[in-house]
>>> print(open('upload_26.cif').read())   # mmCIF, C-alpha atoms
data_structure
loop_
_atom_site.label_atom_id
_atom_site.label_comp_id
_atom_site.auth_asym_id
_atom_site.auth_seq_id
_atom_site.Cartn_x
_atom_site.Cartn_y
_atom_site.Cartn_z
CA MET X 14 2.30 55.77 54.90
CA SER X 15 5.73 57.29 55.45
CA TYR X 16 8.61 56.47 53.10
CA GLU X 17 12.16 56.09 54.34
CA LEU X 18 14.51 56.28 51.37
CA PRO X 19 18.13 55.12 51.59
CA GLN X 20 20.37 58.02 52.57
CA PRO X 21 24.12 58.46 52.02
CA ALA X 22 24.70 58.57 55.77
CA ASP X 23 22.93 55.26 56.33
CA PRO X 24 23.01 52.87 53.36
CA ARG X 25 21.25 50.06 55.20
CA PRO X 26 17.98 49.25 53.39
CA ALA X 27 14.65 49.66 55.14
CA ARG X 28 12.80 46.54 56.18
CA PRO X 29 9.98 45.70 53.75
CA THR X 30 6.43 46.10 55.01
CA ARG X 31 3.67 43.54 54.55
CA ARG X 32 2.19 45.84 51.92
CA ALA X 33 5.43 45.90 49.97
CA LEU X 34 5.66 42.13 50.04
CA THR X 35 2.04 41.79 48.98
CA THR X 36 2.46 44.27 46.15
CA SER X 37 5.53 42.46 44.88
CA ALA X 38 3.74 39.13 45.08
CA VAL X 39 0.88 40.50 42.99
CA LEU X 40 3.30 41.89 40.41
CA ALA X 41 5.20 38.62 40.33
CA ALA X 42 1.96 36.74 39.82
CA ALA X 43 1.03 39.08 37.00
CA LEU X 44 4.33 38.23 35.37
CA LEU X 45 3.21 34.61 35.14
CA VAL X 46 0.65 35.40 32.49
CA VAL X 47 2.03 36.60 29.16
CA GLY X 48 -0.14 36.55 26.09
CA GLY X 49 -2.61 34.32 27.89
CA ARG X 50 -0.03 31.62 28.65
CA ASP X 51 0.89 30.36 32.08
CA VAL X 52 4.63 30.26 32.77
CA ALA X 53 4.35 28.74 36.23
CA VAL X 54 5.41 25.46 34.64
CA ALA X 55 8.86 26.87 33.93
CA ARG X 56 11.55 25.49 36.21
CA ALA X 57 14.78 27.08 37.39
CA ALA X 58 17.55 26.96 34.81
CA SER X 59 19.71 23.87 35.13
CA ALA X 60 23.11 25.49 34.67
CA ASP X 61 23.88 23.05 31.85
CA LEU X 62 24.87 25.89 29.52
CA ARG X 63 27.00 28.84 30.55
CA LEU X 64 26.84 31.56 27.93
CA ARG X 65 29.74 33.78 26.88
CA LEU X 66 29.74 37.33 25.57
CA PRO X 67 32.25 38.27 22.84
CA ALA X 68 35.36 40.09 24.02
CA PRO X 69 35.63 43.84 23.43
CA THR X 70 37.77 44.85 20.45
CA GLY X 71 39.27 48.13 21.66
CA PRO X 72 42.70 48.81 23.17
CA HIS X 73 41.48 49.63 26.69
CA PRO X 74 40.36 47.35 29.52
CA VAL X 75 36.86 48.15 30.74
CA GLY X 76 35.62 49.29 34.14
CA LEU X 77 32.03 49.26 35.35
CA THR X 78 30.27 50.87 38.26
CA THR X 79 26.60 50.84 39.25
CA TRP X 80 24.49 53.75 40.40
CA TYR X 81 21.23 53.75 42.32
CA LEU X 82 19.54 57.00 41.29
CA LEU X 83 16.60 58.85 42.84
CA ASP X 84 14.64 61.48 40.97
CA ARG X 85 12.68 63.12 43.76
CA SER X 86 10.86 65.40 41.32
CA ARG X 87 8.80 62.49 39.91
CA ARG X 88 6.60 59.79 41.32
CA ASP X 89 6.87 56.32 39.82
CA PRO X 90 4.70 56.15 36.68
CA TRP X 91 3.62 52.53 37.24
CA ASP X 92 3.02 52.28 41.00
CA SER X 93 1.32 55.13 42.86
CA THR X 94 2.69 53.89 46.20
CA ILE X 95 6.27 54.69 45.14
CA PRO X 96 6.85 58.40 45.87
CA VAL X 97 10.00 58.89 43.76
CA ARG X 98 11.39 57.63 40.48
CA GLU X 99 14.14 55.09 41.15
CA LEU X 100 16.64 54.00 38.51
CA MET X 101 19.48 51.52 38.31
CA VAL X 102 22.23 52.19 35.79
CA SER X 103 25.58 50.70 34.84
CA VAL X 104 28.47 52.93 33.77
CA PHE X 105 31.03 51.35 31.43
CA TYR X 106 34.29 53.23 30.90
CA PRO X 107 37.89 52.72 29.77
CA ALA X 108 39.92 51.62 32.79
CA ARG X 109 43.50 52.37 33.81
CA ASP X 110 44.13 49.15 35.75
CA VAL X 111 41.75 46.23 36.31
CA ARG X 112 43.92 44.08 38.54
CA ARG X 113 42.13 42.99 41.73
CA HIS X 114 38.81 44.21 40.30
CA PRO X 115 36.47 41.27 39.56
CA VAL X 116 34.46 41.02 36.37
CA VAL X 117 30.75 41.85 36.57
CA ARG X 118 27.87 39.54 35.70
CA GLN X 119 25.67 40.40 32.74
CA LEU X 120 22.54 40.15 34.91
CA ASP X 121 22.14 40.75 38.63
CA PRO X 122 21.21 37.50 40.47
CA GLY X 123 17.64 38.56 41.23
CA VAL X 124 17.12 39.73 37.66
CA ALA X 125 18.53 36.49 36.24
CA GLY X 126 16.06 34.45 38.27
CA VAL X 127 13.04 36.31 36.91
CA PHE X 128 14.50 36.53 33.41
CA GLY X 129 15.03 32.77 33.27
CA MET X 130 11.36 32.19 34.03
CA PHE X 131 10.18 34.87 31.64
CA VAL X 132 12.52 34.37 28.69
CA PRO X 133 10.70 31.59 26.75
CA TYR X 134 7.52 33.68 26.67
CA ARG X 135 9.18 37.00 25.89
CA PHE X 136 11.43 35.34 23.31
CA PRO X 137 9.60 32.31 21.79
CA GLY X 138 11.92 29.43 21.04
CA VAL X 139 14.35 30.19 23.85
CA PRO X 140 14.23 27.26 26.29
CA PRO X 141 12.70 27.50 29.78
CA THR X 142 15.45 25.27 31.17
CA GLY X 143 19.02 24.28 30.33
CA VAL X 144 20.63 27.74 30.50
CA ASP X 145 22.19 29.35 33.56
CA TRP X 146 21.24 32.97 32.97
CA ALA X 147 23.00 34.07 36.16
CA ALA X 148 26.42 32.74 35.07
CA THR X 149 27.19 34.99 32.10
CA THR X 150 29.94 37.49 32.81
CA THR X 151 30.84 40.68 31.03
CA HIS X 152 34.45 41.72 30.38
CA ALA X 153 34.04 44.78 32.61
CA HIS X 154 35.74 45.06 35.99
CA LEU X 155 33.92 46.37 39.05
CA ASP X 156 34.93 49.89 40.13
CA ALA X 157 38.31 49.81 38.38
CA PRO X 158 40.07 53.21 38.21
CA ALA X 159 39.22 55.17 35.07
CA LEU X 160 41.72 55.96 32.36
CA ALA X 161 42.69 59.62 32.28
CA GLY X 162 41.14 61.94 29.70
CA ARG X 163 37.75 63.54 29.01
CA ARG X 164 35.51 61.25 26.97
CA PRO X 165 32.13 61.51 25.23
CA VAL X 166 29.18 59.92 27.03
CA LEU X 167 26.54 57.67 25.47
CA VAL X 168 23.29 56.66 27.17
CA TYR X 169 21.53 53.40 26.29
CA SER X 170 17.85 52.50 26.74
CA PRO X 171 16.98 48.80 26.20
CA GLY X 172 13.89 47.35 24.54
CA GLY X 173 10.52 47.27 26.23
CA GLY X 174 10.59 44.84 29.14
CA ASP X 175 14.30 44.13 28.70
CA PRO X 176 16.95 44.48 31.43
CA ARG X 177 19.87 46.80 30.77
CA GLY X 178 22.21 43.80 30.86
CA LEU X 179 21.04 42.74 27.39
CA GLY X 180 23.01 45.67 25.99
CA SER X 181 26.32 44.73 27.61
CA SER X 182 28.24 43.60 24.52
CA VAL X 183 27.93 46.88 22.62
CA ALA X 184 28.40 49.00 25.75
CA GLU X 185 31.64 47.36 26.85
CA ASP X 186 33.01 47.38 23.31
CA LEU X 187 32.37 51.12 23.10
CA ALA X 188 34.10 51.57 26.46
CA SER X 189 37.11 49.61 25.23
CA HIS X 190 37.40 52.16 22.41
CA GLY X 191 37.32 55.10 24.77
CA TRP X 192 33.67 55.96 25.35
CA VAL X 193 31.75 56.22 28.62
CA VAL X 194 28.43 54.38 28.30
CA VAL X 195 25.53 54.52 30.75
CA THR X 196 22.99 51.70 30.38
CA MET X 197 19.63 52.16 32.11
CA ASP X 198 16.96 49.98 33.64
CA HIS X 199 13.42 51.37 33.57
CA PRO X 200 11.72 49.95 36.71
CA GLY X 201 8.16 48.76 36.29
CA ASP X 202 8.91 48.34 32.59
CA ALA X 203 12.02 46.10 32.71
CA VAL X 204 11.33 42.40 33.33
CA ALA X 205 13.01 42.86 36.72
CA VAL X 206 15.26 45.39 38.40
CA GLU X 207 17.46 44.58 41.39
CA PHE X 208 18.06 47.46 43.82
CA PRO X 209 20.68 47.69 46.60
CA GLY X 210 18.00 46.62 49.09
CA PRO X 211 14.28 46.74 49.84
CA THR X 212 12.33 49.77 51.04
CA ASP X 213 8.97 50.01 52.73
CA TYR X 214 7.24 50.24 49.34
CA ARG X 215 9.02 47.51 47.33
CA ASP X 216 11.27 44.48 47.65
CA ALA X 217 14.87 44.44 46.49
CA VAL X 218 13.83 42.91 43.16
CA ARG X 219 11.00 44.71 41.39
CA PRO X 220 9.32 42.77 38.54
CA THR X 221 7.63 44.23 35.49
CA VAL X 222 4.02 45.36 35.45
CA PHE X 223 3.60 44.35 31.79
CA VAL X 224 1.40 41.36 31.03
CA THR X 225 0.86 42.09 27.33
CA ASP X 226 2.75 43.90 24.58
CA PRO X 227 2.62 47.63 25.47
CA ARG X 228 2.27 48.48 21.77
CA THR X 229 -1.28 47.04 21.90
CA ASP X 230 -2.38 49.59 24.52
CA PRO X 231 -1.99 53.28 23.61
CA THR X 232 -2.08 54.47 27.23
CA THR X 233 0.55 51.97 28.37
CA PHE X 234 2.79 52.74 25.41
CA ARG X 235 2.55 56.49 26.03
CA THR X 236 3.38 56.05 29.71
CA MET X 237 6.33 53.79 28.86
CA ILE X 238 7.91 56.19 26.37
CA ASP X 239 7.23 59.29 28.49
CA ALA X 240 8.88 57.59 31.48
CA ARG X 241 11.89 56.50 29.41
CA VAL X 242 12.43 59.99 27.97
CA ALA X 243 12.28 61.48 31.47
CA ASP X 244 14.62 58.75 32.76
CA THR X 245 17.11 59.54 29.98
CA ARG X 246 17.11 63.24 30.72
CA PHE X 247 17.56 62.59 34.43
CA VAL X 248 20.57 60.36 33.69
CA LEU X 249 22.07 63.23 31.68
CA ASP X 250 21.60 65.40 34.78
CA GLN X 251 23.53 62.86 36.83
CA VAL X 252 26.39 62.78 34.33
CA GLU X 253 26.64 66.53 34.82
CA VAL X 254 26.62 66.01 38.61
CA LEU X 255 29.51 63.56 38.23
CA ALA X 256 31.46 65.90 35.95
CA GLY X 257 31.05 68.63 38.56
CA GLY X 258 32.65 66.45 41.23
CA GLY X 259 29.44 65.15 42.80
CA ASN X 260 28.35 61.59 43.51
CA PRO X 261 25.12 60.58 41.72
CA ASP X 262 24.66 57.39 43.74
CA ALA X 263 21.78 57.85 46.18
CA ILE X 264 23.39 55.73 48.89
CA GLY X 265 26.81 57.29 48.51
CA ARG X 266 28.85 54.39 47.20
CA ALA X 267 32.30 55.59 46.21
CA VAL X 268 32.89 56.85 42.68
CA PRO X 269 35.73 54.92 40.98
CA SER X 270 39.00 56.82 40.93
CA GLY X 271 39.26 59.22 37.99
CA LEU X 272 35.72 58.66 36.68
CA ALA X 273 34.52 62.20 37.39
CA ARG X 274 37.33 63.58 35.24
CA ALA X 275 36.67 61.04 32.48
CA VAL X 276 33.24 62.29 31.38
CA ASP X 277 32.67 65.17 29.00
CA PRO X 278 29.09 66.44 29.40
CA ARG X 279 29.55 68.69 26.35
CA LYS X 280 29.56 65.58 24.14
CA MET X 281 26.64 63.29 24.88
CA GLY X 282 24.63 60.97 22.66
CA VAL X 283 21.91 58.36 23.07
CA TYR X 284 21.01 55.05 21.47
CA GLY X 285 18.28 52.56 22.19
CA HIS X 286 16.59 49.40 21.01
CA SER X 287 12.87 49.01 20.22
CA ALA X 288 10.97 51.04 22.87
CA GLY X 289 14.35 52.37 23.95
CA ALA X 290 14.92 53.50 20.36
CA THR X 291 11.65 55.44 20.37
CA ALA X 292 12.70 57.08 23.62
CA ALA X 293 16.22 57.82 22.35
CA ALA X 294 14.96 59.71 19.31
CA GLN X 295 12.34 61.64 21.27
CA ALA X 296 14.84 62.43 24.06
CA MET X 297 17.18 64.03 21.54
CA TYR X 298 14.29 66.11 20.21
CA GLU X 299 13.53 67.35 23.74
CA ASP X 300 17.05 67.76 25.11
CA ARG X 301 19.73 69.72 23.27
CA ARG X 302 22.47 68.20 25.42
CA LEU X 303 22.19 65.18 23.15
CA GLY X 304 24.24 65.73 20.02
CA ALA X 305 23.39 62.52 18.13
CA ALA X 306 21.10 59.50 18.45
CA ILE X 307 20.59 56.01 17.05
CA ASN X 308 17.16 54.40 16.79
CA LEU X 309 17.63 50.63 16.66
CA GLU X 310 14.23 49.64 15.27
CA GLY X 311 11.79 51.69 17.33
CA TYR X 312 8.43 53.13 16.27
CA LEU X 313 8.16 56.92 16.06
CA ASP X 314 4.40 57.06 16.38
CA HIS X 315 1.80 56.20 18.99
CA PRO X 316 -0.38 53.10 18.60
CA ALA X 317 -3.74 53.78 16.98
CA GLU X 318 -6.53 54.62 19.40
CA GLN X 319 -9.05 52.69 17.28
CA PRO X 320 -8.68 49.91 14.68
CA GLY X 321 -8.15 51.30 11.21
CA GLN X 322 -6.83 54.63 12.48
CA GLU X 323 -3.28 55.93 12.35
CA GLY X 324 -1.50 56.78 15.57
CA ALA X 325 -0.18 60.30 16.12
CA LEU X 326 3.46 60.90 15.28
CA TYR X 327 5.86 61.65 18.10
CA PRO X 328 7.12 65.24 17.86
CA VAL X 329 10.55 64.04 16.70
CA ALA X 330 8.92 62.51 13.60
CA GLU X 331 6.40 65.31 13.10
CA TYR X 332 8.86 68.19 13.32
CA GLY X 333 12.29 66.63 12.70
CA VAL X 334 15.63 67.32 14.36
CA ASP X 335 18.70 69.41 13.61
CA ARG X 336 21.23 66.88 14.85
CA PRO X 337 22.24 63.48 13.43
CA LEU X 338 19.77 60.62 13.89
CA LEU X 339 20.28 57.12 12.48
CA LEU X 340 17.30 54.82 11.90
CA TRP X 341 18.55 51.23 11.74
CA SER X 342 16.19 48.40 10.86
CA SER X 343 16.52 44.64 10.43
CA GLU X 344 15.33 42.69 7.41
CA GLY X 345 13.43 40.26 9.62
CA PHE X 346 11.40 42.76 11.68
CA PRO X 347 7.81 41.47 11.33
CA ASP X 348 6.14 44.92 11.34
CA ARG X 349 8.31 46.83 8.87
CA ALA X 350 5.16 48.11 7.19
CA GLY X 351 3.75 49.34 10.48
CA MET X 352 6.94 51.25 11.23
CA ALA X 353 7.27 52.69 7.71
CA ARG X 354 4.90 55.66 8.09
CA SER X 355 6.68 57.28 11.02
CA TRP X 356 10.14 56.53 9.62
CA SER X 357 9.17 57.97 6.24
CA ALA X 358 7.95 61.13 7.98
CA MET X 359 11.25 61.35 9.85
CA LEU X 360 13.32 60.94 6.70
CA ALA X 361 11.25 63.49 4.75
CA HIS X 362 12.37 66.45 6.85
CA PRO X 363 14.86 68.74 5.10
CA GLY X 364 18.45 69.17 6.18
CA GLY X 365 19.68 65.61 5.80
CA TRP X 366 19.98 65.10 9.56
CA THR X 367 18.24 61.72 9.51
CA SER X 368 19.65 58.68 7.74
CA ARG X 369 18.53 55.08 7.45
CA ARG X 370 20.41 51.79 7.41
CA ASP X 371 19.03 48.28 6.78
CA PHE X 372 20.49 45.11 8.27
CA ARG X 373 20.21 42.12 5.91
CA ASN X 374 19.71 38.57 7.23
CA ALA X 375 19.10 40.00 10.71
CA ALA X 376 16.06 40.18 12.99
CA HIS X 377 14.87 42.46 15.76
CA TRP X 378 17.03 41.08 18.58
CA THR X 379 20.24 41.12 16.57
CA PHE X 380 20.81 44.56 18.07
CA THR X 381 21.10 43.02 21.58
CA ASP X 382 23.26 40.44 23.31
CA PHE X 383 21.02 37.77 21.77
CA ALA X 384 23.13 38.15 18.63
CA ALA X 385 25.86 36.30 20.54
CA ILE X 386 23.64 34.27 22.86
CA ALA X 387 21.12 32.67 20.50
CA PRO X 388 23.70 30.82 18.34
CA GLN X 389 25.22 29.30 21.50
CA VAL X 390 21.80 28.12 22.67
CA GLN X 391 21.12 26.61 19.24
CA ALA X 392 24.54 24.93 19.14
CA ALA X 393 23.75 23.27 22.49
CA GLY X 394 20.62 21.72 20.99
CA LEU X 395 18.30 23.86 23.11
CA MET X 396 16.89 26.00 20.31
CA THR X 397 15.85 25.29 16.75
CA ALA X 398 17.35 26.99 13.71
CA ALA X 399 13.93 28.47 12.92
CA ALA X 400 13.61 29.96 16.38
CA ARG X 401 17.08 31.43 16.14
CA ALA X 402 16.24 32.96 12.76
CA ASP X 403 13.08 34.54 14.17
CA LEU X 404 15.07 36.04 17.02
CA VAL X 405 18.34 37.17 15.41
CA GLY X 406 18.12 36.20 11.74
CA THR X 407 20.37 33.87 9.78
CA ILE X 408 23.43 36.12 9.80
CA ASP X 409 26.66 34.62 11.14
CA GLN X 410 27.15 35.30 14.85
CA ALA X 411 30.51 37.02 14.50
CA ASP X 412 29.28 39.15 11.59
CA ALA X 413 26.20 40.21 13.54
CA VAL X 414 28.15 41.26 16.61
CA ARG X 415 30.80 43.06 14.57
CA THR X 416 28.25 44.89 12.40
CA VAL X 417 26.27 46.31 15.32
CA ARG X 418 29.31 47.23 17.39
CA THR X 419 31.10 48.88 14.48
CA GLY X 420 28.01 50.65 13.19
CA VAL X 421 27.16 52.22 16.54
CA ARG X 422 30.77 53.21 17.24
CA GLU X 423 31.44 54.73 13.82
CA PHE X 424 28.22 56.75 13.82
CA PHE X 425 29.01 58.40 17.13
CA ALA X 426 32.68 58.80 16.26
CA ARG X 427 31.64 60.72 13.15
CA HIS X 428 29.11 62.95 14.88
CA LEU X 429 30.42 63.37 18.45
CA ARG X 430 34.12 63.17 17.53
CA ARG X 431 36.38 60.32 18.54
CA PRO X 432 37.35 59.94 22.21
#
>>> encode(input="upload_26.cif", output="structure tokens")
Amino acid sequence: MSYELPQPADPRPARPTRRALTTSAVLAAALLVVGGRDVAVARAASADLRLRLPAPTGPHPVGLTTWYLLDRSRRDPWDSTIPVRELMVSVFYPARDVRRHPVVRQLDPGVAGVFGMFVPYRFPGVPPTGVDWAATTTHAHLDAPALAGRRPVLVYSPGGGDPRGLGSSVAEDLASHGWVVVTMDHPGDAVAVEFPGPTDYRDAVRPTVFVTDPRTDPTTFRTMIDARVADTRFVLDQVEVLAGGGNPDAIGRAVPSGLARAVDPRKMGVYGHSAGATAAAQAMYEDRRLGAAINLEGYLDHPAEQPGQEGALYPVAEYGVDRPLLLWSSEGFPDRAGMARSWSAMLAHPGGWTSRRDFRNAAHWTFTDFAAIAPQVQAAGLMTAAARADLVGTIDQADAVRTVRTGVREFFARHLRRP
């Protein structure tokens, strides 16, 4: 089979083949079974509840642009019929002027449709109906001109299976304080990724291949983290392309005015949640362009190959790092004991480069947009207090959002210097 990738000279997407449609249908069907439960009974969200993200707290308005990236040096790790590694990323940045630039949705329409079906099984207690997941907007304005001045760059990797949009609140707050933030989707891993158009090997919306928790399968977990580390390093390459005056977007969409001069590739950091946190720490170990990293509750070891065994440590935990790394955990994480061995190994390395912080009255998803979303769903009578506590803890919504935003910003301000 030949593959016709989108080219800058001709951004029109290729027409999907029967094989591409069949493959996507199989993947979509696989999505309908999670933990042995059938989600075909879920109906489309009713648009009764329109969720709101908290406003950024910094002095700058926020711009956002989207890149479609192609790494031609790698095949896709999840689908052997895809000859390159495709990525979708969002770039948040301080803007000069946002007039006549519309705000951007938290989730792309195709992603929101899949997410709405998937959410009650990925996040127990969140309702299958009653929420319009496609309606939530960010406070970032599409392709607004960038504010002048070189600024540090942060890269964000979301949790396993999560879309990059679930990290919007922290990313746009950082941008409002002067940072450039690149949030990544990891196709095949993320619940769904929406591309600019279909190709002959996939549809425009590519669903996840996961049907169980990747942590329960050592091979799947290894593939997931390896792919995420490689994705992160490729995104760093594209930031350097941008800083050099190039256009990273594979179909040649225009770079917002001033953005190339707004990034400082000499000051780059990474943060991630859950599987993205594992990848963030390991990426900093492998790539010296990264000057600091935050692990928001991610394991630093492989799953055990056999019951009763211990999984091998990732090199970052086995050998340590010589740049600042923050390990941040929540009080309500159900497997604190399982994560303790690799975190203890990380903290035991000399030099004081690794620190730990604990988040009281919080749970695993407090580090994501669910910190703001879950209380709204509960207040609408669509979620129980117990379900909310399991998801984001009992901490007050405003305190949760403020704590995560401030903690991430102050760590990088201390170790990468303020923008």
>>> closest_atom_pairs(input="upload_26.cif", of="region 258-370 of chain X", to="region 240-246 of chain X", cutoff="8 Å", atoms="all atoms listed in the file", output="tab-separated table")
residue	atom	partner	partner_atom	distance
X:Gly289	CA	X:Arg241	CA	7.3
X:Ala292	CA	X:Val242	CA	5.2
X:Ala293	CA	X:Val242	CA	7.1
X:Gln295	CA	X:Val242	CA	6.9
X:Ala296	CA	X:Val242	CA	5.2
X:Asp300	CA	X:Arg246	CA	7.2
>>> write_last_selection(input="upload_26.cif", atoms="C-alpha atoms", output="PDB file, in the frame of the given file")
ATOM      1  CA  GLY X 289      14.350  52.370  23.950  1.00  0.00           C
ATOM      2  CA  ALA X 292      12.700  57.080  23.620  1.00  0.00           C
ATOM      3  CA  ALA X 293      16.220  57.820  22.350  1.00  0.00           C
ATOM      4  CA  GLN X 295      12.340  61.640  21.270  1.00  0.00           C
ATOM      5  CA  ALA X 296      14.840  62.430  24.060  1.00  0.00           C
ATOM      6  CA  ASP X 300      17.050  67.760  25.110  1.00  0.00           C
TER       7      ASP X 300
END
>>> closest_atom_pairs(input="upload_26.cif", of="region 224-316 of chain X", to="region 131-150 of chain X", cutoff="12 Å", atoms="only C-alpha atoms", output="Markdown table")
| residue | atom | partner | partner_atom | distance |
| --- | --- | --- | --- | --- |
| X:Val224 | CA | X:Arg135 | CA | 10.3 |
| X:Thr225 | CA | X:Arg135 | CA | 9.9 |
| X:Asp226 | CA | X:Arg135 | CA | 9.5 |
>>> resolve_selection(input="upload_26.cif", expression="the PyMOL selection byres ((chain X and resi 366) around 7)", output="PDB file with C-alpha atoms, in the frame of the given file")
ATOM      1  CA  VAL X 334      15.630  67.320  14.360  1.00  0.00           C
ATOM      2  CA  ASP X 335      18.700  69.410  13.610  1.00  0.00           C
ATOM      3  CA  ARG X 336      21.230  66.880  14.850  1.00  0.00           C
ATOM      4  CA  PRO X 337      22.240  63.480  13.430  1.00  0.00           C
ATOM      5  CA  LEU X 338      19.770  60.620  13.890  1.00  0.00           C
ATOM      6  CA  GLY X 364      18.450  69.170   6.180  1.00  0.00           C
ATOM      7  CA  GLY X 365      19.680  65.610   5.800  1.00  0.00           C
ATOM      8  CA  THR X 367      18.240  61.720   9.510  1.00  0.00           C
ATOM      9  CA  SER X 368      19.650  58.680   7.740  1.00  0.00           C
TER      10      SER X 368
END
>>> residues_around(input="upload_26.cif", residues="Ala188 (chain X)", least_positions_apart="4", cutoff="6 Å", atoms="all atoms listed in the file", output="list in words")
Phe105, Tyr106, Pro107, Trp192 and Val193 of chain X
>>> closest_atom_pairs(input="upload_26.cif", of="region 347-405 of chain X", to="region 182-186 of chain X", cutoff="10 Å", atoms="all atoms listed in the file", output="JSON lines")
{"residue": "X:Phe380", "atom": "CA", "partner": "X:Val183", "partner_atom": "CA", "distance": 8.8}
{"residue": "X:Thr381", "atom": "CA", "partner": "X:Ser182", "partner_atom": "CA", "distance": 7.7}
{"residue": "X:Asp382", "atom": "CA", "partner": "X:Ser182", "partner_atom": "CA", "distance": 6.0}
{"residue": "X:Phe383", "atom": "CA", "partner": "X:Ser182", "partner_atom": "CA", "distance": 9.7}
{"residue": "X:Ala384", "atom": "CA", "partner": "X:Ser182", "partner_atom": "CA", "distance": 9.5}
{"residue": "X:Ala385", "atom": "CA", "partner": "X:Ser182", "partner_atom": "CA", "distance": 8.6}
>>> atom_distance(input="upload_26.cif", atom1="CA of Ala361 (chain X)", atom2="CA of Val329 (chain X)")
12.0 Å
>>> closest_residue(input="upload_26.cif", among="X:Gly172, X:Pro328, X:Gly304, X:Gly178", to="Ser103 (chain X)", atoms="all atoms listed in the file")
X:Gly178
